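Here is the file data-v7.csv (CSV, C-alpha atoms).
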chain,number,residue,atom,x,y,z
C,1,MET,CA,216.2,3.9,82.0
C,2,THR,CA,215.4,7.0,84.1
C,3,ASN,CA,217.6,9.9,83.0
C,4,HIS,CA,218.1,12.9,85.4
C,5,ARG,CA,219.0,16.3,84.0
C,6,ILE,CA,221.6,17.9,86.3
C,7,ALA,CA,222.9,21.4,86.1
C,8,LEU,CA,226.6,21.7,87.1
C,9,ILE,CA,227.8,25.1,88.4
C,10,PRO,CA,231.5,24.6,89.2
C,11,GLY,CA,231.9,28.2,90.3
C,12,ASP,CA,235.2,29.3,91.8
C,13,GLY,CA,238.4,27.9,93.3
C,14,ILE,CA,238.3,24.2,94.2
C,15,GLY,CA,234.7,24.1,93.0
C,16,THR,CA,236.0,23.2,89.5
C,17,GLU,CA,238.1,20.4,91.1
C,18,VAL,CA,235.5,18.7,93.3
C,19,LEU,CA,232.6,18.5,90.9
C,20,PRO,CA,234.2,16.0,88.4
C,21,PRO,CA,234.8,13.4,91.2
C,22,ALA,CA,231.1,13.8,92.2
C,23,GLN,CA,230.1,13.2,88.6
C,24,ARG,CA,232.2,10.0,88.4
C,25,VAL,CA,230.6,8.7,91.6
C,26,LEU,CA,227.1,9.6,90.3
C,27,ASP,CA,227.7,7.8,87.0
C,28,ALA,CA,229.1,4.7,88.7
C,29,VAL,CA,226.3,4.3,91.2
C,30,GLY,CA,223.7,5.1,88.5
C,31,ARG,CA,225.0,2.2,86.4
C,32,ARG,CA,224.7,-0.1,89.3
C,33,HIS,CA,221.1,1.0,90.1
C,34,GLY,CA,219.8,1.4,86.6
C,35,PHE,CA,219.5,5.1,86.0
C,36,ALA,CA,221.6,7.8,84.3
C,37,PHE,CA,222.5,11.5,84.3
C,38,SER,CA,222.8,14.1,81.6
C,39,TYR,CA,224.8,17.1,82.6
C,40,THR,CA,224.7,20.7,81.5
C,41,SER,CA,227.6,22.7,82.8
C,42,TYR,CA,227.6,26.4,83.4
C,43,ASP,CA,231.4,26.9,83.6
C,44,ASP,CA,231.5,30.7,83.5
C,45,TRP,CA,229.0,31.4,86.3
C,46,SER,CA,231.6,32.6,88.7
C,47,CYS,CA,233.5,35.5,90.1
C,48,GLU,CA,235.7,35.6,87.0
C,49,ARG,CA,232.6,36.3,85.0
C,50,TYR,CA,231.6,39.0,87.5
C,51,LEU,CA,235.0,40.7,87.1
C,52,ARG,CA,234.7,40.5,83.3
C,53,GLU,CA,231.0,41.3,82.8
C,54,GLY,CA,229.7,42.7,86.1
C,55,ALA,CA,227.4,39.7,86.8
C,56,MET,CA,227.9,36.3,88.4
C,57,MET,CA,225.4,34.7,85.9
C,58,PRO,CA,223.4,35.9,82.9
C,59,PRO,CA,220.1,37.7,83.3
C,60,ASP,CA,218.2,34.6,82.2
C,61,GLY,CA,220.2,32.3,84.6
C,62,LEU,CA,217.2,31.0,86.5
C,63,ASP,CA,215.3,30.2,83.3
C,64,LEU,CA,218.2,28.1,82.1
C,65,LEU,CA,218.1,26.1,85.3
C,66,ARG,CA,214.3,25.8,85.6
C,67,ASP,CA,213.8,22.6,83.6
C,68,LYS,CA,216.6,20.7,85.4
C,69,ASP,CA,215.9,17.9,88.0
C,70,ALA,CA,218.6,19.2,90.3
C,71,ILE,CA,221.6,21.5,90.6
C,72,LEU,CA,225.1,20.6,91.8
C,73,LEU,CA,227.2,23.5,92.8
C,74,GLY,CA,231.0,23.5,93.5
C,75,ALA,CA,231.8,26.7,95.4
C,76,VAL,CA,231.4,30.5,95.2
C,77,GLY,CA,233.8,33.2,96.1
C,78,ARG,CA,237.3,34.6,95.5
C,79,PRO,CA,239.4,37.2,97.5
C,80,ASP,CA,239.1,40.0,95.0
C,81,VAL,CA,235.3,40.0,94.9
C,82,PRO,CA,233.3,40.9,98.1
C,83,ASP,CA,231.4,38.0,99.5
C,84,HIS,CA,228.1,39.8,99.5
C,85,VAL,CA,228.5,40.4,95.8
C,86,SER,CA,229.3,36.8,94.9
C,87,LEU,CA,226.7,35.2,97.1
C,88,TRP,CA,223.9,37.7,96.2
C,89,GLY,CA,224.8,37.4,92.6
C,90,LEU,CA,224.5,33.6,92.3
C,91,LEU,CA,223.8,31.4,95.3
C,92,ILE,CA,221.0,33.4,97.0
C,93,PRO,CA,219.1,34.2,93.8
C,94,ILE,CA,218.9,30.5,93.1
C,95,ARG,CA,217.8,29.6,96.6
C,96,ARG,CA,215.1,32.3,96.6
C,97,GLY,CA,214.0,32.1,93.0
C,98,PHE,CA,213.4,28.3,93.3
C,99,ARG,CA,211.9,28.5,96.8
C,100,GLN,CA,214.6,26.3,98.3
C,101,TYR,CA,213.5,27.1,101.8
C,102,VAL,CA,215.1,24.1,103.6
C,103,ASN,CA,218.8,24.0,104.0
C,104,LEU,CA,219.7,20.5,105.2
C,105,ARG,CA,223.2,19.8,106.7
C,106,PRO,CA,223.9,16.3,108.0
C,107,VAL,CA,226.8,15.9,110.4
C,108,ARG,CA,228.5,12.6,111.3
C,109,VAL,CA,231.7,11.6,113.0
C,110,PHE,CA,233.2,8.9,110.8
C,111,GLU,CA,235.6,6.2,111.8
C,112,GLY,CA,239.1,7.4,110.9
C,113,ILE,CA,238.3,11.0,111.6
C,114,ASP,CA,239.3,12.4,115.0
C,115,SER,CA,236.9,14.9,116.4
C,116,PRO,CA,238.6,17.7,118.3
C,117,VAL,CA,235.9,17.1,121.0
C,118,ARG,CA,236.6,14.5,123.7
C,119,GLY,CA,233.9,11.8,123.6
C,120,ALA,CA,232.7,12.6,120.1
C,121,GLY,CA,233.8,9.3,118.7
C,122,ALA,CA,232.8,7.5,115.5
C,123,GLY,CA,229.1,6.5,115.5
C,124,LYS,CA,228.3,8.7,118.5
C,125,VAL,CA,227.6,12.0,116.6
C,126,ASP,CA,224.9,11.8,113.9
C,127,LEU,CA,222.7,14.9,113.6
C,128,VAL,CA,221.1,17.1,111.0
C,129,VAL,CA,220.8,20.9,111.2
C,130,VAL,CA,217.7,22.1,109.4
C,131,ARG,CA,218.1,25.8,108.5
C,132,GLU,CA,215.4,28.1,107.3
C,133,ASN,CA,217.0,29.2,104.0
C,134,VAL,CA,215.2,32.2,102.4
C,135,GLU,CA,214.0,34.7,105.0
C,136,GLY,CA,214.8,35.4,108.7
C,137,GLU,CA,217.9,37.5,109.4
C,138,TYR,CA,219.1,37.3,105.8
C,139,SER,CA,216.4,39.5,104.3
C,140,GLU,CA,216.9,42.1,101.7
C,141,ILE,CA,215.1,44.8,103.7
C,142,GLY,CA,217.2,47.6,105.0
C,143,GLY,CA,219.7,50.2,103.8
C,144,ARG,CA,222.5,52.6,104.4
C,145,LEU,CA,222.0,56.2,105.5
C,146,ASN,CA,224.4,59.2,105.4
C,147,ARG,CA,227.2,57.4,103.8
C,148,GLY,CA,230.6,58.9,104.6
C,149,PHE,CA,229.4,61.2,107.3
C,150,PRO,CA,230.0,60.7,111.1
C,151,GLU,CA,226.3,59.8,111.6
C,152,GLU,CA,226.4,57.1,108.9
C,153,ALA,CA,224.0,54.2,109.8
C,154,ALA,CA,223.2,50.8,108.5
C,155,VAL,CA,219.8,49.1,109.0
C,156,GLN,CA,219.0,45.4,108.4
C,157,GLU,CA,215.6,44.0,109.1
C,158,SER,CA,214.8,40.4,110.0
C,159,VAL,CA,211.7,38.9,108.4
C,160,PHE,CA,209.9,35.9,110.0
C,161,THR,CA,206.6,35.0,108.4
C,162,ARG,CA,204.1,32.4,109.7
C,163,ALA,CA,204.2,30.6,106.3
C,164,GLY,CA,208.0,30.6,106.1
C,165,VAL,CA,208.6,29.4,109.7
C,166,THR,CA,205.8,26.8,109.7
C,167,ARG,CA,206.9,25.1,106.5
C,168,VAL,CA,210.5,24.6,107.6
C,169,LEU,CA,209.4,23.5,111.1
C,170,ASP,CA,207.1,20.9,109.5
C,171,HIS,CA,209.9,19.6,107.4
C,172,ALA,CA,212.2,19.4,110.5
C,173,PHE,CA,209.6,17.6,112.6
C,174,ALA,CA,208.9,15.1,109.8
C,175,LEU,CA,212.6,14.4,109.5
C,176,ALA,CA,212.9,13.9,113.2
C,177,ALA,CA,210.0,11.4,113.1
C,178,GLY,CA,211.9,9.3,110.6
C,179,ARG,CA,215.1,9.4,112.6
C,180,ARG,CA,215.4,9.1,116.4
C,181,GLY,CA,212.3,11.2,117.2
C,182,ARG,CA,214.1,14.2,118.9
C,183,LEU,CA,214.1,17.8,117.8
C,184,THR,CA,215.8,20.8,119.3
C,185,SER,CA,214.9,24.4,118.3
C,186,ALA,CA,217.5,27.2,118.4
C,187,THR,CA,216.2,30.4,119.8
C,188,LYS,CA,217.2,33.6,121.5
C,189,SER,CA,213.8,34.9,122.7
C,190,ASN,CA,215.2,36.2,126.0
C,191,GLY,CA,217.1,38.9,124.0
C,192,ILE,CA,215.3,39.3,120.7
C,193,VAL,CA,211.9,40.5,121.6
C,194,HIS,CA,209.7,40.0,118.5
C,195,THR,CA,210.9,37.5,116.0
C,196,LEU,CA,212.2,34.8,118.2
C,197,PRO,CA,209.2,34.7,120.6
C,198,PHE,CA,207.2,34.3,117.4
C,199,TRP,CA,209.4,31.5,116.3
C,200,ASP,CA,209.0,29.8,119.7
C,201,GLU,CA,205.2,30.0,119.5
C,202,LEU,CA,205.2,28.4,116.1
C,203,VAL,CA,207.5,25.6,117.3
C,204,ALA,CA,205.1,24.8,120.1
C,205,GLU,CA,202.2,24.9,117.6
C,206,ARG,CA,203.8,22.5,115.2
C,207,GLY,CA,205.2,20.3,118.0
C,208,ALA,CA,201.6,19.7,119.1
C,209,ALA,CA,200.8,18.5,115.6
C,210,HIS,CA,203.7,16.0,115.7
C,211,PRO,CA,203.2,14.1,119.0
C,212,GLU,CA,205.6,11.4,117.8
C,213,VAL,CA,208.5,13.8,118.2
C,214,THR,CA,210.0,14.9,121.5
C,215,TRP,CA,211.2,18.4,121.3
C,216,ASP,CA,212.8,21.1,123.3
C,217,GLN,CA,214.4,24.5,122.7
C,218,GLU,CA,217.7,26.0,123.6
C,219,HIS,CA,219.0,29.6,123.5
C,220,ILE,CA,221.6,29.8,120.7
C,221,ASP,CA,224.5,30.7,123.0
C,222,ALA,CA,223.8,27.7,125.3
C,223,LEU,CA,223.2,25.5,122.3
C,224,ALA,CA,226.5,26.4,120.7
C,225,ALA,CA,228.2,25.4,124.0
C,226,LYS,CA,226.3,22.1,124.1
C,227,PHE,CA,227.3,21.3,120.5
C,228,VAL,CA,230.9,21.2,121.8
C,229,LEU,CA,230.3,19.7,125.3
C,230,ASP,CA,227.8,17.0,124.3
C,231,PRO,CA,227.1,16.8,120.5
C,232,ALA,CA,225.9,13.2,120.7
C,233,ARG,CA,222.7,14.3,122.4
C,234,PHE,CA,221.3,15.9,119.3
C,235,ASP,CA,219.2,14.4,116.5
C,236,VAL,CA,217.5,17.1,114.5
C,237,VAL,CA,218.2,20.8,115.2
C,238,VAL,CA,216.0,23.4,113.5
C,239,ALA,CA,217.1,27.0,113.4
C,240,SER,CA,216.5,30.3,111.7
C,241,ASN,CA,218.7,31.4,108.7
C,242,LEU,CA,221.5,33.0,110.7
C,243,PHE,CA,221.5,30.6,113.6
C,244,GLY,CA,221.4,27.5,111.3
C,245,ASP,CA,224.2,28.9,109.2
C,246,ILE,CA,226.5,29.2,112.2
C,247,LEU,CA,225.5,26.0,114.0
C,248,SER,CA,226.0,23.8,111.0
C,249,ASP,CA,229.6,25.0,110.5
C,250,LEU,CA,230.3,24.5,114.2
C,251,ALA,CA,228.8,21.0,114.0
C,252,ALA,CA,231.0,20.2,111.0
C,253,ALA,CA,234.1,21.3,112.8
C,254,VAL,CA,233.1,19.2,115.8
C,255,ALA,CA,232.8,16.3,113.4
C,256,GLY,CA,236.5,16.8,112.5
C,257,SER,CA,236.5,18.3,109.1
C,258,ILE,CA,234.5,21.0,107.4
C,259,GLY,CA,236.0,19.7,104.1
C,260,ILE,CA,233.6,16.7,104.0
C,261,ALA,CA,230.4,18.5,105.0
C,262,PRO,CA,227.5,18.6,102.5
C,263,ALA,CA,224.5,20.8,102.2
C,264,ALA,CA,221.1,20.5,100.4
C,265,ASN,CA,219.0,23.5,99.4
C,266,LEU,CA,215.6,21.9,99.1
C,267,ASN,CA,212.3,22.8,97.5
C,268,PRO,CA,210.3,20.1,99.2
C,269,GLU,CA,207.3,20.5,96.9
C,270,ARG,CA,209.5,19.8,93.9
C,271,GLU,CA,208.0,22.7,91.9
C,272,PHE,CA,211.6,23.9,91.2
C,273,PRO,CA,215.0,22.2,91.1
C,274,SER,CA,216.8,21.8,94.4
C,275,MET,CA,220.5,22.6,94.7
C,276,PHE,CA,223.3,20.6,96.4
C,277,GLU,CA,226.7,22.0,97.5
C,278,PRO,CA,229.7,21.2,99.7
C,279,VAL,CA,230.1,23.6,102.7
C,280,HIS,CA,233.8,24.1,102.4
C,281,GLY,CA,233.8,27.1,100.1
C,282,SER,CA,236.3,27.9,97.2
C,283,ALA,CA,239.5,27.5,99.3
C,284,PRO,CA,241.7,29.8,97.1
C,285,ASP,CA,244.8,28.9,99.1
C,286,ILE,CA,244.8,25.4,97.6
C,287,ALA,CA,242.9,25.9,94.3
C,288,GLY,CA,244.6,24.6,91.2
C,289,ARG,CA,246.9,22.2,93.1
C,290,GLY,CA,244.8,19.1,92.7
C,291,ILE,CA,244.7,18.3,96.4
C,292,ALA,CA,241.1,19.3,97.4
C,293,ASN,CA,239.1,16.9,99.4
C,294,PRO,CA,236.2,15.8,97.1
C,295,LEU,CA,234.0,14.3,99.8
C,296,GLY,CA,231.9,17.4,100.5
C,297,ALA,CA,230.8,17.4,96.9
C,298,ILE,CA,230.4,13.6,96.8
C,299,TRP,CA,228.3,13.6,100.0
C,300,SER,CA,226.2,16.4,98.5
C,301,ALA,CA,225.7,14.2,95.4
C,302,ALA,CA,224.4,11.5,97.8
C,303,LEU,CA,221.9,13.9,99.2
C,304,MET,CA,220.9,14.7,95.6
C,305,LEU,CA,220.4,11.0,94.9
C,306,ASP,CA,218.1,10.7,97.9
C,307,HIS,CA,216.1,13.7,96.9
C,308,LEU,CA,215.7,12.2,93.3
C,309,GLY,CA,214.2,9.1,94.8
C,310,HIS,CA,217.2,6.8,95.0
C,311,PRO,CA,217.8,6.2,98.7
C,312,ALA,CA,219.7,2.8,98.1
C,313,ALA,CA,222.1,4.5,95.7
C,314,ALA,CA,222.6,7.3,98.2
C,315,ALA,CA,223.4,4.8,101.0
C,316,ASP,CA,225.9,3.1,98.7
C,317,VAL,CA,227.7,6.5,98.4
C,318,THR,CA,227.7,7.3,102.1
C,319,ASP,CA,228.9,3.8,102.8
C,320,ALA,CA,231.8,4.3,100.4
C,321,ILE,CA,232.6,7.6,102.1
C,322,ALA,CA,232.7,5.9,105.5
C,323,ALA,CA,234.9,3.1,104.0
C,324,VAL,CA,237.4,5.5,102.4
C,325,LEU,CA,237.7,7.6,105.6
C,326,ALA,CA,238.3,4.4,107.6
C,327,ASP,CA,241.1,3.6,105.2
C,328,THR,CA,244.0,5.6,106.6
C,329,ASP,CA,246.4,4.7,103.7
C,330,VAL,CA,244.8,7.2,101.2
C,331,ARG,CA,244.0,10.7,102.4
C,332,THR,CA,244.1,14.2,101.1
C,333,PRO,CA,246.3,16.7,102.9
C,334,ASP,CA,243.4,18.2,104.9
C,335,LEU,CA,243.0,14.8,106.5
C,336,GLY,CA,246.7,14.4,107.2
C,337,GLY,CA,247.7,12.5,104.0
C,338,THR,CA,249.4,13.2,100.7
C,339,ALA,CA,246.8,11.9,98.2
C,340,THR,CA,245.7,14.0,95.3
C,341,THR,CA,242.0,14.6,94.6
C,342,ALA,CA,242.2,12.1,91.8
C,343,GLU,CA,243.9,9.4,93.9
C,344,PHE,CA,241.4,9.9,96.7
C,345,THR,CA,238.5,9.6,94.2
C,346,ASP,CA,239.9,6.5,92.6
C,347,ARG,CA,240.1,4.8,96.0
C,348,LEU,CA,236.6,5.7,96.9
C,349,LEU,CA,235.4,4.4,93.5
C,350,GLU,CA,237.2,1.1,94.2
C,351,LEU,CA,235.4,0.8,97.5
C,352,LEU,CA,232.1,1.8,95.9
Can you dump the structure from the file as structure tokens?
Amino acid sequence: MTNHRIALIPGDGIGTEVLPPAQRVLDAVGRRHGFAFSYTSYDDWSCERYLREGAMMPPDGLDLLRDKDAILLGAVGRPDVPDHVSLWGLLIPIRRGFRQYVNLRPVRVFEGIDSPVRGAGAGKVDLVVVRENVEGEYSEIGGRLNRGFPEEAAVQESVFTRAGVTRVLDHAFALAAGRRGRLTSATKSNGIVHTLPFWDELVAERGAAHPEVTWDQEHIDALAAKFVLDPARFDVVVASNLFGDILSDLAAAVAGSIGIAPAANLNPEREFPSMFEPVHGSAPDIAGRGIANPLGAIWSAALMLDHLGHPAAAADVTDAIAAVLADTDVRTPDLGGTATTAEFTDRLLELL
């Protein structure tokens, strides 16, 4: 029996509450399909550790993760730790140290979930945002000058490399070829004079190498509007780090609930482990109450199954997610119900 070694990083807030349901689902579907998981949990890699020791994870954190087949992350962040400290202390070092340069965020409107957008009914919206995940606008290059003086300044440099842009574009075009054959590139080359024209040139170059895909490009402001006005028109959307980050959260809101949205941080060459995480964050306002929606973590686990070579098992999980959302009798409070995390997970497992 194949055994997959999974690193668990519960993190902060509801991260500790949504990973156990994802484990239960993974174990159940693994038994059905003939594979298993062994878990190593890093329970103290969190903001609590930062406040106690001054670091989100130990100095050899990446070495501890390196031999794992995948990483399942709960959430990062709490109000008394600045976000740039928590993210740059844990999430971003893992993404960059393991060359997880593709951030994959699927978005669907499920039956039983009302989109706030008219016409975005169940089965009509099914898209994937492919976000460049390790360079672009989120570079480490820059600094602060003249701190505390009237002329204080902050400089942040965007970095777009041919290698970095090309590899994420090729991944997005290949994904589109296996779906409905349509790709949209997010740009802003009418206002950003160097990096985004460069991005556009590479999109055209890679588009010519993928004639099976029909592609176009949209300026980010117009694209954000079209995500709201006509989200069903999109199939695969590829974007730089900042644009992809914003668009994927907007798309999840259009789908009716950011609480169920998953994400995959992929190293497509599989030289390093990939990481899977719900988008919802640590939600400190409801942490510890046992009412968090576990579907973001469970859908992320399904993305992990697909990455590990078990597409049928992944489909079983997403089918169960669709079934439990269509079942309006059992819902967590974010979906308008009163079910606890455990009750909601039990119902999903029955359907699975």
Ala232 of chain C environment, 9 Å, only C-alpha atoms, sequence neighbours closer than 3 positions dropped, as a ChimeraX atom specification: /C:119-120,124-127,227,235
Test item: residues at most 8 Å from Leu349 of chain C, all atoms listed in the file, excluding those fewer than 4 positions along its chain, as a list in words: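 Using all atoms listed in the file, the neighbours found are Val25, Ala28, Ala320 and Thr345 of chain C.
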Near-Ala163 of chain C list (12 Å; all atoms listed in the file; drop same-chain fewer than 3 positions) as an NGL selection string: :C and (101 or 132 or 134-136 or 159-160 or 166-170 or 199 or 202)
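Here atom CA of Pro59 of chain C stands at a distance of 24.1 Å from atom CA of Gly281 of chain C.
Near segment 308-315 of chain C, within 9 Å and counting only C-alpha atoms, sit His4, Leu26, Val29, Gly30, Arg32, His33, Asp69, Ala70, Trp299, Ala301, Ala302, Leu303, Met304, Leu305, Thr318, Asp319 and Ala320 of chain C; same-chain residues fewer than 3 positions away were not included.
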Nearest candidate to Ala287 of chain C (options C:Pro58, C:Pro150, C:Gly256, C:Gly77; using all atoms listed in the file):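 Among the listed residues, the smallest separation from Ala287 of chain C belongs to C:Gly77.
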Straight-line distance linking atom CA of Pro333 of chain C with atom CA of Ile291 of chain C, stated in Å to one decimal: 6.9 Å
